[in-house]
file input.cif (mmCIF, C-alpha atoms)
data_start
loop_
_atom_site.label_atom_id
_atom_site.label_comp_id
_atom_site.auth_asym_id
_atom_site.auth_seq_id
_atom_site.Cartn_x
_atom_site.Cartn_y
_atom_site.Cartn_z
CA MET J 1 -2.18 -13.04 21.25
CA LEU J 2 -4.65 -14.72 18.87
CA TRP J 3 -3.55 -12.59 15.93
CA TYR J 4 0.09 -13.29 16.67
CA LYS J 5 -0.60 -17.02 16.98
CA ALA J 6 -2.41 -17.00 13.63
CA TRP J 7 0.56 -15.22 12.07
CA LEU J 8 3.04 -17.73 13.50
CA GLU J 9 1.05 -20.65 12.09
CA THR J 10 0.94 -19.30 8.54
CA ARG J 11 3.93 -16.99 8.25
CA TRP J 12 6.11 -19.35 6.20
CA ARG J 13 3.31 -20.09 3.74
CA PHE J 14 2.80 -16.35 3.35
CA LEU J 15 6.47 -15.45 3.01
CA ILE J 16 7.24 -18.24 0.56
CA GLY J 17 4.15 -17.35 -1.47
CA LEU J 18 5.08 -13.67 -1.49
CA ALA J 19 8.63 -14.42 -2.64
CA ILE J 20 7.44 -16.72 -5.45
CA MET J 21 4.76 -14.30 -6.67
CA ILE J 22 7.16 -11.34 -6.59
CA CYS J 23 9.69 -13.32 -8.63
CA SER J 24 6.94 -14.32 -11.05
CA ALA J 25 5.79 -10.72 -11.54
CA ALA J 26 9.36 -9.52 -12.00
CA GLY J 27 10.03 -12.34 -14.45
CA VAL J 28 7.10 -11.28 -16.63
CA VAL J 29 8.39 -7.71 -16.76
CA PHE J 30 12.00 -8.55 -17.58
CA THR J 31 11.20 -11.21 -20.20
CA TYR J 32 9.17 -8.79 -22.32
CA PRO J 33 12.17 -7.41 -24.30
CA LYS J 34 13.14 -10.97 -25.28
CA VAL J 35 9.57 -11.73 -26.30
CA GLN J 36 9.56 -8.68 -28.55
CA GLU J 37 12.62 -10.06 -30.34
CA LEU J 38 10.87 -13.41 -30.93
CA LEU J 39 7.54 -12.01 -32.09
CA PRO J 40 8.43 -11.78 -35.82
CA SER J 41 8.86 -15.56 -36.00
CA ILE J 42 5.53 -16.43 -34.38
CA PRO J 43 3.19 -15.75 -37.36
CA THR J 44 5.07 -18.36 -39.41
CA LEU J 45 3.91 -21.11 -37.04
CA ASP J 46 1.04 -23.14 -38.54
CA VAL J 47 -0.74 -24.80 -35.63
CA GLY J 48 -4.43 -25.60 -35.94
CA GLY J 49 -7.19 -26.13 -33.42
CA GLU J 50 -7.56 -24.60 -29.99
CA LEU J 51 -3.82 -24.67 -29.38
CA GLY J 52 -3.19 -22.66 -32.53
CA ARG J 53 -5.87 -20.16 -31.56
CA ARG J 54 -4.31 -19.64 -28.15
CA ILE J 55 -0.81 -19.24 -29.63
CA ARG J 56 -2.06 -16.63 -32.08
CA GLU J 57 -3.98 -14.84 -29.34
CA ALA J 58 -0.90 -14.81 -27.08
CA ALA J 59 1.21 -13.43 -29.92
CA LEU J 60 -1.34 -10.72 -30.62
CA LEU J 61 -1.53 -9.73 -26.95
CA ALA J 62 2.26 -9.69 -26.66
CA ARG J 63 2.55 -6.97 -29.30
CA GLU J 64 1.55 -4.49 -26.61
CA TYR J 65 3.11 -4.40 -23.16
CA ARG J 66 -0.25 -4.11 -21.42
CA GLY J 67 -1.55 -7.19 -23.24
CA PHE J 68 1.59 -9.18 -22.48
CA VAL J 69 1.42 -8.35 -18.78
CA TRP J 70 -2.24 -9.32 -18.57
CA SER J 71 -1.88 -12.58 -20.50
CA GLN J 72 1.27 -13.76 -18.72
CA ALA J 73 0.91 -12.33 -15.23
CA PHE J 74 -2.75 -11.80 -14.38
CA ARG J 75 -4.29 -14.51 -16.56
CA GLN J 76 -1.67 -17.15 -15.90
CA ASN J 77 1.19 -16.88 -13.39
CA LEU J 78 -0.28 -14.78 -10.58
CA ALA J 79 -3.72 -16.38 -10.88
CA GLN J 80 -2.38 -19.93 -10.77
CA ILE J 81 0.27 -19.43 -8.09
CA GLY J 82 -2.06 -17.17 -6.11
CA THR J 83 -4.81 -19.80 -6.04
CA LEU J 84 -2.38 -22.34 -4.62
CA PHE J 85 -1.26 -20.08 -1.80
CA ALA J 86 -4.78 -18.83 -1.05
CA VAL J 87 -5.70 -22.47 -0.47
CA LEU J 88 -2.58 -23.09 1.62
CA LEU J 89 -3.35 -20.07 3.82
CA GLY J 90 -6.88 -21.31 4.41
CA THR J 91 -5.93 -24.90 5.17
CA GLY J 92 -5.19 -26.21 8.65
CA GLY J 93 -4.65 -23.46 11.20
CA PHE J 94 -6.03 -24.32 14.64
CA TYR J 95 -8.56 -26.78 13.26
CA SER J 96 -6.01 -29.57 13.26
CA GLY J 97 -2.60 -30.35 14.60
CA ARG J 98 -1.00 -30.48 18.03
CA ALA J 99 -1.97 -26.94 18.98
CA ALA J 100 -5.70 -27.51 18.45
CA LEU J 101 -6.52 -28.50 22.02
CA PHE J 102 -4.46 -25.64 23.45
CA THR J 103 -6.24 -23.17 21.18
CA LEU J 104 -9.67 -24.50 22.16
CA SER J 105 -8.77 -24.20 25.85
CA LEU J 106 -8.22 -20.44 25.56
CA PRO J 107 -10.88 -18.26 27.26
CA VAL J 108 -12.37 -17.01 24.00
CA SER J 109 -15.36 -18.09 21.95
CA ARG J 110 -15.01 -20.34 18.95
CA GLY J 111 -16.55 -17.59 16.86
CA ARG J 112 -13.71 -15.25 17.78
CA LEU J 113 -11.15 -17.97 17.13
CA ILE J 114 -12.33 -18.57 13.59
CA ALA J 115 -12.81 -14.83 12.95
CA VAL J 116 -9.20 -14.07 13.93
CA ASN J 117 -7.84 -17.03 11.99
CA ALA J 118 -9.83 -16.13 8.86
CA GLY J 119 -9.07 -12.42 9.23
CA ALA J 120 -5.33 -13.04 9.49
CA GLY J 121 -5.41 -15.36 6.49
CA LEU J 122 -7.40 -12.91 4.38
CA ALA J 123 -5.03 -10.08 5.30
CA GLN J 124 -2.09 -12.19 4.15
CA TRP J 125 -3.91 -13.15 0.97
CA PHE J 126 -4.68 -9.47 0.32
CA ALA J 127 -0.96 -8.70 0.56
CA LEU J 128 -0.13 -11.61 -1.77
CA ALA J 129 -2.62 -10.30 -4.35
CA LEU J 130 -1.66 -6.62 -4.19
CA ILE J 131 2.13 -6.48 -3.67
CA PRO J 132 3.18 -8.47 -6.79
CA SER J 133 0.56 -6.62 -8.87
CA LEU J 134 1.87 -3.22 -7.79
CA LEU J 135 5.44 -4.35 -8.42
CA ILE J 136 4.74 -4.47 -12.16
CA PRO J 137 4.29 -0.68 -12.64
CA VAL J 138 7.27 -0.10 -10.33
CA LEU J 139 9.60 -2.30 -12.42
CA SER J 140 8.27 -1.42 -15.88
CA PRO J 141 10.43 1.74 -16.35
CA ALA J 142 13.51 -0.47 -16.00
CA ILE J 143 12.77 -1.91 -19.46
CA GLY J 144 11.51 1.36 -20.93
CA GLN J 145 7.81 0.53 -20.52
CA HIS J 146 4.91 2.00 -18.58
CA TYR J 147 2.12 0.15 -16.80
CA ASP J 148 -0.75 2.04 -15.22
CA ILE J 149 -0.84 1.70 -11.44
CA GLY J 150 -4.64 1.92 -11.50
CA SER J 151 -4.82 -1.16 -13.73
CA ALA J 152 -2.45 -2.98 -11.38
CA LEU J 153 -4.71 -2.14 -8.43
CA VAL J 154 -7.83 -3.34 -10.26
CA HIS J 155 -6.23 -6.63 -11.27
CA GLY J 156 -4.90 -7.10 -7.75
CA LEU J 157 -8.41 -6.53 -6.39
CA CYS J 158 -9.89 -9.03 -8.84
CA LEU J 159 -7.24 -11.56 -7.85
CA PHE J 160 -7.99 -11.02 -4.16
CA CYS J 161 -11.80 -11.22 -4.40
CA ALA J 162 -11.92 -14.38 -6.53
CA GLY J 163 -9.06 -16.02 -4.66
CA ALA J 164 -10.86 -15.36 -1.37
CA MET J 165 -13.46 -17.92 -2.44
CA PHE J 166 -10.83 -20.67 -2.59
CA PHE J 167 -9.38 -19.49 0.72
CA SER J 168 -12.83 -19.60 2.33
CA LEU J 169 -13.58 -23.01 0.85
CA ALA J 170 -10.33 -24.31 2.35
CA VAL J 171 -11.34 -22.87 5.73
CA LEU J 172 -14.74 -24.56 5.50
CA LEU J 173 -13.27 -27.94 4.60
CA SER J 174 -10.66 -27.56 7.35
CA SER J 175 -13.50 -27.17 9.83
CA ALA J 176 -14.97 -30.47 8.64
CA PHE J 177 -11.84 -32.65 8.60
CA THR J 178 -9.28 -33.36 11.30
CA ASP J 179 -6.29 -33.53 8.94
CA VAL J 180 -4.62 -31.03 6.63
CA TRP J 181 -4.36 -33.02 3.41
CA ARG J 182 -8.03 -33.64 2.62
CA PRO J 183 -9.06 -29.95 2.76
CA LEU J 184 -5.99 -29.00 0.73
CA LEU J 185 -6.44 -31.63 -1.97
CA LEU J 186 -10.21 -31.24 -2.22
CA THR J 187 -9.99 -27.47 -2.62
CA LEU J 188 -7.24 -27.76 -5.22
CA PHE J 189 -9.24 -30.41 -7.07
CA ILE J 190 -12.27 -28.10 -7.21
CA ALA J 191 -10.09 -25.21 -8.39
CA VAL J 192 -8.49 -27.31 -11.15
CA ALA J 193 -11.89 -28.67 -12.20
CA LEU J 194 -13.30 -25.14 -12.52
CA ALA J 195 -10.26 -24.04 -14.54
CA ILE J 196 -10.56 -27.01 -16.92
CA PHE J 197 -14.30 -26.52 -17.30
CA GLY J 198 -13.78 -22.85 -18.12
CA ALA J 199 -11.16 -23.76 -20.73
CA ILE J 200 -13.45 -26.35 -22.35
CA VAL J 201 -16.41 -23.96 -22.46
CA PRO J 202 -14.91 -20.56 -23.41
CA ALA J 203 -18.31 -18.84 -23.13
CA LEU J 204 -18.33 -19.56 -19.40
CA GLU J 205 -14.69 -18.67 -18.78
CA ARG J 206 -15.34 -14.97 -18.11
CA VAL J 207 -18.05 -15.66 -15.51
CA SER J 208 -16.11 -18.41 -13.77
CA PRO J 209 -14.06 -17.69 -10.62
CA PHE J 210 -10.93 -17.60 -12.76
CA GLY J 211 -12.61 -15.23 -15.21
CA VAL J 212 -13.17 -12.82 -12.33
CA MET J 213 -9.69 -13.47 -10.97
CA THR J 214 -7.96 -12.54 -14.22
CA GLY J 215 -9.95 -9.33 -14.61
CA GLU J 216 -10.56 -10.09 -18.29
CA THR J 217 -13.64 -7.86 -18.47
CA TYR J 218 -11.63 -4.89 -17.20
CA PHE J 219 -8.74 -5.62 -19.56
CA ARG J 220 -10.92 -5.86 -22.67
CA THR J 221 -13.58 -3.23 -21.92
CA GLY J 222 -12.22 -1.08 -19.10
CA THR J 223 -15.27 -1.98 -16.99
CA LEU J 224 -14.96 -3.45 -13.54
CA PRO J 225 -16.65 -6.87 -13.17
CA TRP J 226 -18.85 -5.65 -10.34
CA ARG J 227 -21.17 -8.65 -10.36
CA GLY J 228 -18.26 -11.04 -10.23
CA LEU J 229 -16.50 -9.11 -7.45
CA ILE J 230 -19.62 -8.76 -5.31
CA GLY J 231 -20.60 -12.36 -5.99
CA SER J 232 -17.13 -13.57 -5.00
CA LEU J 233 -17.24 -11.67 -1.72
CA ALA J 234 -20.77 -12.93 -1.01
CA VAL J 235 -19.75 -16.54 -1.64
CA SER J 236 -16.66 -16.11 0.54
CA ALA J 237 -18.76 -14.66 3.37
CA ALA J 238 -21.24 -17.55 3.11
CA LEU J 239 -18.44 -20.14 3.18
CA LEU J 240 -16.81 -18.52 6.21
CA TYR J 241 -20.17 -18.33 7.99
CA ALA J 242 -20.72 -22.04 7.28
CA ALA J 243 -17.21 -22.76 8.60
CA ALA J 244 -17.89 -20.80 11.79
CA THR J 245 -21.20 -22.62 12.32
CA ASN J 246 -19.62 -26.01 11.72
CA PHE J 247 -16.65 -25.23 13.97
CA ALA J 248 -18.93 -24.09 16.79
CA ARG J 249 -20.84 -27.37 16.67
CA ARG J 250 -17.85 -29.69 16.50
CA ASP J 251 -17.05 -31.90 19.45
CA PHE J 252 -13.27 -32.03 19.94
#
call {"tool": "encode", "arguments": {"input": "input.cif", "output": "structure tokens"}}
result
Amino acid sequence: MLWYKAWLETRWRFLIGLAIMICSAAGVVFTYPKVQELLPSIPTLDVGGELGRRIREAALLAREYRGFVWSQAFRQNLAQIGTLFAVLLGTGGFYSGRAALFTLSLPVSRGRLIAVNAGAGLAQWFALALIPSLLIPVLSPAIGQHYDIGSALVHGLCLFCAGAMFFSLAVLLSSAFTDVWRPLLLTLFIAVALAIFGAIVPALERVSPFGVMTGETYFRTGTLPWRGLIGSLAVSAALLYAAATNFARRDF
């Protein structure tokens, strides 16, 4: 019953997020032939500064299908959209809303309540991270390209582990506030601040949550970012433990 209730409360966030991320992944695949046609004109652009550097880097990455997929899907679209829906899945639930008192009246401990709610949300987030990633190697033959399924799995795993931190932070903040908007906006603000800080200080970008999420280390060196993955899971576990402790002590 608890698992089903958790699913009912978040199913539309999950389904909408899945549809958007699938369309985003498919869009990256099917726009690649057009990008190839435009590539010859890109070197003629003379743009200086950081913007110029990023344009030239994007053009260089786009010369190979693997680089284009990483730069457009895993570094940008899926990471950005995924972060939003990881936060949405972690926000609210039974911590607020009309069903809160009914949920608290059920003959189960608060620890089990938060464990089921967090477990259901993480399972949905896992599906959001993996399904669009695996769609890329499935669709690639349609445009005459090949994308390694192992790389798709690794990038999906990186997306899940780093995104789980934002999910867990949203759960923690939801256990501290009685409304939905403050946890949502605070978590998104922190995520945006981290992304901006990483962009301003490129040396820290790879070790930031978004650096782990994009799997840049794996893309450039073929090495899994073990420290980042383990650290992300450890931070997520600590945030969920803090949420469970705070929820158990709350007086509703």
call {"tool": "closest_atom_pairs", "arguments": {"input": "input.cif", "of": "stretch 162-236 of chain J", "to": "stretch 115-123 of chain J", "cutoff": "9 Å", "atoms": "only C-alpha atoms", "output": "JSON lines"}}
result
{"residue": "J:Ala164", "atom": "CA", "partner": "J:Leu122", "partner_atom": "CA", "distance": 7.1}
{"residue": "J:Phe167", "atom": "CA", "partner": "J:Leu122", "partner_atom": "CA", "distance": 7.8}
{"residue": "J:Ser168", "atom": "CA", "partner": "J:Ala118", "partner_atom": "CA", "distance": 8.0}
{"residue": "J:Val171", "atom": "CA", "partner": "J:Ala118", "partner_atom": "CA", "distance": 7.6}
call {"tool": "residues_around", "arguments": {"input": "input.cif", "residues": "J:Gly67", "least_positions_apart": "4", "cutoff": "12 Å", "atoms": "all atoms listed in the file", "output": "short mmCIF file (atom, residue, chain, number, x, y, z; two decimals) with C-alpha atoms, in the coordinates of the input"}}
result
data_model
loop_
_atom_site.label_atom_id
_atom_site.label_comp_id
_atom_site.auth_asym_id
_atom_site.auth_seq_id
_atom_site.Cartn_x
_atom_site.Cartn_y
_atom_site.Cartn_z
CA VAL J 28 7.10 -11.28 -16.63
CA VAL J 29 8.39 -7.71 -16.76
CA TYR J 32 9.17 -8.79 -22.32
CA GLU J 57 -3.98 -14.84 -29.34
CA ALA J 58 -0.90 -14.81 -27.08
CA ALA J 59 1.21 -13.43 -29.92
CA LEU J 60 -1.34 -10.72 -30.62
CA LEU J 61 -1.53 -9.73 -26.95
CA ALA J 62 2.26 -9.69 -26.66
CA ARG J 63 2.55 -6.97 -29.30
CA SER J 71 -1.88 -12.58 -20.50
CA GLN J 72 1.27 -13.76 -18.72
CA ALA J 73 0.91 -12.33 -15.23
CA PHE J 74 -2.75 -11.80 -14.38
CA ARG J 75 -4.29 -14.51 -16.56
CA TYR J 147 2.12 0.15 -16.80
CA SER J 151 -4.82 -1.16 -13.73
CA GLU J 216 -10.56 -10.09 -18.29
CA TYR J 218 -11.63 -4.89 -17.20
CA PHE J 219 -8.74 -5.62 -19.56
CA ARG J 220 -10.92 -5.86 -22.67
#
call {"tool": "residues_around", "arguments": {"input": "input.cif", "residues": "J:Pro183", "least_positions_apart": "4", "cutoff": "12 Å", "atoms": "only C-alpha atoms", "output": "list in words"}}
result
Val87, Leu88, Leu89, Gly90, Thr91, Gly92, Gly93, Tyr95, Ser96, Phe166, Phe167, Ser168, Leu169, Ala170, Val171, Leu172, Leu173, Ser174, Ser175, Ala176, Phe177, Thr178, Asp179, Thr187, Leu188, Phe189 and Ile190 of chain J
call {"tool": "resolve_selection", "arguments": {"input": "input.cif", "expression": "the PyMOL selection byres ((chain J and resi 81) around 12)", "output": "MDAnalysis selection string"}}
result
chainID J and resid 16:25 73:80 82:88 125 128:129 132 159 163 188 191 213
call {"tool": "resolve_selection", "arguments": {"input": "input.cif", "expression": "the PyMOL selection byres ((chain J and resi 231-243) around 6)", "output": "list in words"}}
result
Cys161, Ala162, Met165, Ser168, Leu172, Ser175, Arg227, Gly228, Leu229, Ile230, Ala244, Thr245, Asn246 and Phe247 of chain J
call {"tool": "closest_residue", "arguments": {"input": "input.cif", "among": "J:Val69, J:Ile131, J:Leu184, J:Leu2", "to": "J:Asp148", "atoms": "all atoms listed in the file"}}
result
J:Val69
call {"tool": "atom_distance", "arguments": {"input": "input.cif", "atom1": "atom CA of J:Leu139", "atom2": "atom CA of J:Phe30"}}
result
8.5 Å
call {"tool": "atom_distance", "arguments": {"input": "input.cif", "atom1": "atom CA of J:Ile196", "atom2": "atom CA of J:Ala152"}}
result
26.0 Å
call {"tool": "resolve_selection", "arguments": {"input": "input.cif", "expression": "the PyMOL selection byres ((chain J and resi 9) around 10)", "output": "PyMOL selection string"}}
result
chain J and resi 4-8+10-14+89+92-94+99+117
call {"tool": "write_last_selection", "arguments": {"input": "input.cif", "atoms": "C-alpha atoms", "output": "PDB file, keeping the file's coordinate frame"}}
result
ATOM      1  CA  TYR J   4       0.090 -13.290  16.670  1.00  0.00           C
ATOM      2  CA  LYS J   5      -0.600 -17.020  16.980  1.00  0.00           C
ATOM      3  CA  ALA J   6      -2.410 -17.000  13.630  1.00  0.00           C
ATOM      4  CA  TRP J   7       0.560 -15.220  12.070  1.00  0.00           C
ATOM      5  CA  LEU J   8       3.040 -17.730  13.500  1.00  0.00           C
ATOM      6  CA  THR J  10       0.940 -19.300   8.540  1.00  0.00           C
ATOM      7  CA  ARG J  11       3.930 -16.990   8.250  1.00  0.00           C
ATOM      8  CA  TRP J  12       6.110 -19.350   6.200  1.00  0.00           C
ATOM      9  CA  ARG J  13       3.310 -20.090   3.740  1.00  0.00           C
ATOM     10  CA  PHE J  14       2.800 -16.350   3.350  1.00  0.00           C
ATOM     11  CA  LEU J  89      -3.350 -20.070   3.820  1.00  0.00           C
ATOM     12  CA  GLY J  92      -5.190 -26.210   8.650  1.00  0.00           C
ATOM     13  CA  GLY J  93      -4.650 -23.460  11.200  1.00  0.00           C
ATOM     14  CA  PHE J  94      -6.030 -24.320  14.640  1.00  0.00           C
ATOM     15  CA  ALA J  99      -1.970 -26.940  18.980  1.00  0.00           C
ATOM     16  CA  ASN J 117      -7.840 -17.030  11.990  1.00  0.00           C
TER      17      ASN J 117
END
call {"tool": "closest_residue", "arguments": {"input": "input.cif", "among": "J:Leu135, J:Gly215, J:Ser140, J:Gly222", "to": "J:Pro33", "atoms": "all atoms listed in the file"}}
result
J:Ser140
